[in-house]
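Note sheet for the following structure.
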Amino acid sequence: MADFASATPSHDDPLTMDPAYDGGDGLHPDDAGTRVMADAVDLGMLLARPAPEGSPRTWAQRR
(Lines give C-alpha, C1' and ligand atoms only; values in the text may rest on other atoms or scores of the structure.)
Protein backbone atom coordinates (compact mmCIF):
# COMPACT_ATOMS: atom_id res chain seq x y z
CA MET A 1 0.00 0.00 0.00
CA ALA A 2 1.30 3.43 -0.89
CA ASP A 3 0.15 6.48 1.04
CA PHE A 4 0.04 9.10 -1.70
CA ALA A 5 -1.57 11.69 0.57
CA SER A 6 1.53 11.69 2.76
CA ALA A 7 3.73 12.18 -0.32
CA THR A 8 2.06 15.39 -1.52
CA PRO A 9 0.70 17.33 1.49
CA SER A 10 0.84 21.10 1.77
CA HIS A 11 3.17 22.37 4.48
CA ASP A 12 0.47 24.82 5.59
CA ASP A 13 -2.42 22.35 5.59
CA PRO A 14 -1.64 18.62 5.53
CA LEU A 15 -5.17 17.87 4.33
CA THR A 16 -4.56 19.65 1.03
CA MET A 17 -2.11 19.01 -1.79
CA ASP A 18 1.08 21.03 -1.90
CA PRO A 19 0.67 23.72 -4.59
CA ALA A 20 4.00 22.57 -6.08
CA TYR A 21 2.29 19.26 -6.96
CA ASP A 22 -1.23 20.51 -7.79
CA GLY A 23 -2.40 19.99 -11.35
CA GLY A 24 -4.74 22.97 -11.01
CA ASP A 25 -7.91 21.54 -9.53
CA GLY A 26 -6.71 20.88 -5.97
CA LEU A 27 -7.28 17.16 -6.38
CA HIS A 28 -5.16 15.76 -9.20
CA PRO A 29 -1.35 16.02 -9.26
CA ASP A 30 0.73 17.58 -12.00
CA ASP A 31 3.80 15.82 -13.43
CA ALA A 32 5.94 16.69 -10.39
CA GLY A 33 3.23 15.37 -8.06
CA THR A 34 2.96 12.17 -10.04
CA ARG A 35 6.74 11.69 -9.76
CA VAL A 36 6.62 12.22 -5.96
CA MET A 37 3.79 9.72 -5.71
CA ALA A 38 5.70 7.18 -7.81
CA ASP A 39 8.76 7.67 -5.61
CA ALA A 40 6.59 6.88 -2.56
CA VAL A 41 6.03 3.32 -3.81
CA ASP A 42 8.49 0.81 -2.37
CA LEU A 43 9.25 -1.36 -5.40
CA GLY A 44 11.03 -3.85 -3.20
CA MET A 45 7.73 -4.49 -1.44
CA LEU A 46 6.12 -5.26 -4.79
CA LEU A 47 8.89 -7.49 -6.11
CA ALA A 48 10.28 -9.18 -2.99
CA ARG A 49 8.01 -12.19 -2.89
CA PRO A 50 6.08 -14.32 -5.31
CA ALA A 51 2.36 -13.91 -5.65
CA PRO A 52 0.32 -15.99 -3.21
CA GLU A 53 -0.93 -19.32 -4.49
CA GLY A 54 -4.30 -18.98 -6.15
CA SER A 55 -3.82 -15.32 -7.10
CA PRO A 56 -4.38 -14.23 -10.70
CA ARG A 57 -1.41 -14.73 -13.00
CA THR A 58 0.67 -11.70 -13.87
CA TRP A 59 1.07 -10.43 -17.42
CA ALA A 60 4.57 -11.94 -17.60
CA GLN A 61 3.23 -15.37 -16.67
CA ARG A 62 0.64 -15.24 -19.46
CA ARG A 63 3.21 -14.92 -22.24
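As shown in the C-alpha coordinates, the chain order sets the letters A, B, ...; within each chain, residues go from 1, and ligands are also counted from 1 in the order they appear.
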For this session: Might you pull out every residue within 12 Å of A:Arg35, with only C-alpha atoms counted and same-chain residues fewer than 2 positions away left off, and present them as number ranges by chain?
Result: A: 4, 7-8, 20-21, 29-33, 37-41
Kindly export the residues of the current selection with N, CA, C and O atoms, as a PDB file, in the first residue's frame.
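Saved the output as out_26.pdb:
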ATOM      1  N   PHE A   4      -0.240   7.961  -0.829  1.00  0.00           N
ATOM      2  CA  PHE A   4       0.044   9.098  -1.695  1.00  0.00           C
ATOM      3  C   PHE A   4      -0.270  10.425  -1.023  1.00  0.00           C
ATOM      4  O   PHE A   4       0.370  11.429  -1.325  1.00  0.00           O
ATOM      5  N   ALA A   7       2.648  11.808   0.594  1.00  0.00           N
ATOM      6  CA  ALA A   7       3.728  12.179  -0.324  1.00  0.00           C
ATOM      7  C   ALA A   7       3.555  13.582  -0.885  1.00  0.00           C
ATOM      8  O   ALA A   7       4.513  14.182  -1.332  1.00  0.00           O
ATOM      9  N   THR A   8       2.327  14.107  -0.857  1.00  0.00           N
ATOM     10  CA  THR A   8       2.055  15.387  -1.518  1.00  0.00           C
ATOM     11  C   THR A   8       1.368  16.440  -0.650  1.00  0.00           C
ATOM     12  O   THR A   8       0.752  17.349  -1.188  1.00  0.00           O
ATOM     13  N   ALA A  20       2.930  22.964  -5.158  1.00  0.00           N
ATOM     14  CA  ALA A  20       3.997  22.570  -6.080  1.00  0.00           C
ATOM     15  C   ALA A  20       3.638  21.297  -6.841  1.00  0.00           C
ATOM     16  O   ALA A  20       4.242  21.010  -7.875  1.00  0.00           O
ATOM     17  N   TYR A  21       2.678  20.529  -6.337  1.00  0.00           N
ATOM     18  CA  TYR A  21       2.293  19.262  -6.961  1.00  0.00           C
ATOM     19  C   TYR A  21       0.877  19.286  -7.529  1.00  0.00           C
ATOM     20  O   TYR A  21       0.415  18.296  -8.089  1.00  0.00           O
ATOM     21  N   PRO A  29      -2.720  15.505  -9.219  1.00  0.00           N
ATOM     22  CA  PRO A  29      -1.349  16.015  -9.257  1.00  0.00           C
ATOM     23  C   PRO A  29      -0.912  16.394 -10.671  1.00  0.00           C
ATOM     24  O   PRO A  29      -1.438  15.870 -11.658  1.00  0.00           O
ATOM     25  N   ASP A  30       0.076  17.287 -10.735  1.00  0.00           N
ATOM     26  CA  ASP A  30       0.733  17.581 -12.004  1.00  0.00           C
ATOM     27  C   ASP A  30       1.858  16.560 -12.196  1.00  0.00           C
ATOM     28  O   ASP A  30       1.935  15.575 -11.458  1.00  0.00           O
ATOM     29  N   ASP A  31       2.725  16.781 -13.173  1.00  0.00           N
ATOM     30  CA  ASP A  31       3.801  15.823 -13.427  1.00  0.00           C
ATOM     31  C   ASP A  31       4.729  15.663 -12.226  1.00  0.00           C
ATOM     32  O   ASP A  31       5.140  14.546 -11.902  1.00  0.00           O
ATOM     33  N   ALA A  32       5.062  16.776 -11.560  1.00  0.00           N
ATOM     34  CA  ALA A  32       5.941  16.692 -10.386  1.00  0.00           C
ATOM     35  C   ALA A  32       5.266  15.910  -9.264  1.00  0.00           C
ATOM     36  O   ALA A  32       5.897  15.104  -8.574  1.00  0.00           O
ATOM     37  N   GLY A  33       3.962  16.111  -9.078  1.00  0.00           N
ATOM     38  CA  GLY A  33       3.228  15.373  -8.058  1.00  0.00           C
ATOM     39  C   GLY A  33       3.157  13.894  -8.362  1.00  0.00           C
ATOM     40  O   GLY A  33       3.265  13.043  -7.474  1.00  0.00           O
ATOM     41  N   MET A  37       4.627  10.859  -6.073  1.00  0.00           N
ATOM     42  CA  MET A  37       3.786   9.721  -5.711  1.00  0.00           C
ATOM     43  C   MET A  37       4.441   8.409  -6.141  1.00  0.00           C
ATOM     44  O   MET A  37       4.446   7.433  -5.385  1.00  0.00           O
ATOM     45  N   ALA A  38       5.017   8.396  -7.338  1.00  0.00           N
ATOM     46  CA  ALA A  38       5.703   7.182  -7.807  1.00  0.00           C
ATOM     47  C   ALA A  38       6.886   6.855  -6.910  1.00  0.00           C
ATOM     48  O   ALA A  38       7.129   5.693  -6.589  1.00  0.00           O
ATOM     49  N   ASP A  39       7.610   7.884  -6.485  1.00  0.00           N
ATOM     50  CA  ASP A  39       8.756   7.667  -5.607  1.00  0.00           C
ATOM     51  C   ASP A  39       8.338   7.148  -4.230  1.00  0.00           C
ATOM     52  O   ASP A  39       9.153   6.572  -3.515  1.00  0.00           O
ATOM     53  N   ALA A  40       7.076   7.344  -3.864  1.00  0.00           N
ATOM     54  CA  ALA A  40       6.586   6.882  -2.563  1.00  0.00           C
ATOM     55  C   ALA A  40       6.321   5.375  -2.549  1.00  0.00           C
ATOM     56  O   ALA A  40       6.151   4.785  -1.485  1.00  0.00           O
ATOM     57  N   VAL A  41       6.288   4.761  -3.723  1.00  0.00           N
ATOM     58  CA  VAL A  41       6.028   3.320  -3.814  1.00  0.00           C
ATOM     59  C   VAL A  41       7.334   2.560  -3.603  1.00  0.00           C
ATOM     60  O   VAL A  41       8.321   2.798  -4.290  1.00  0.00           O
TER      61      VAL A  41
END
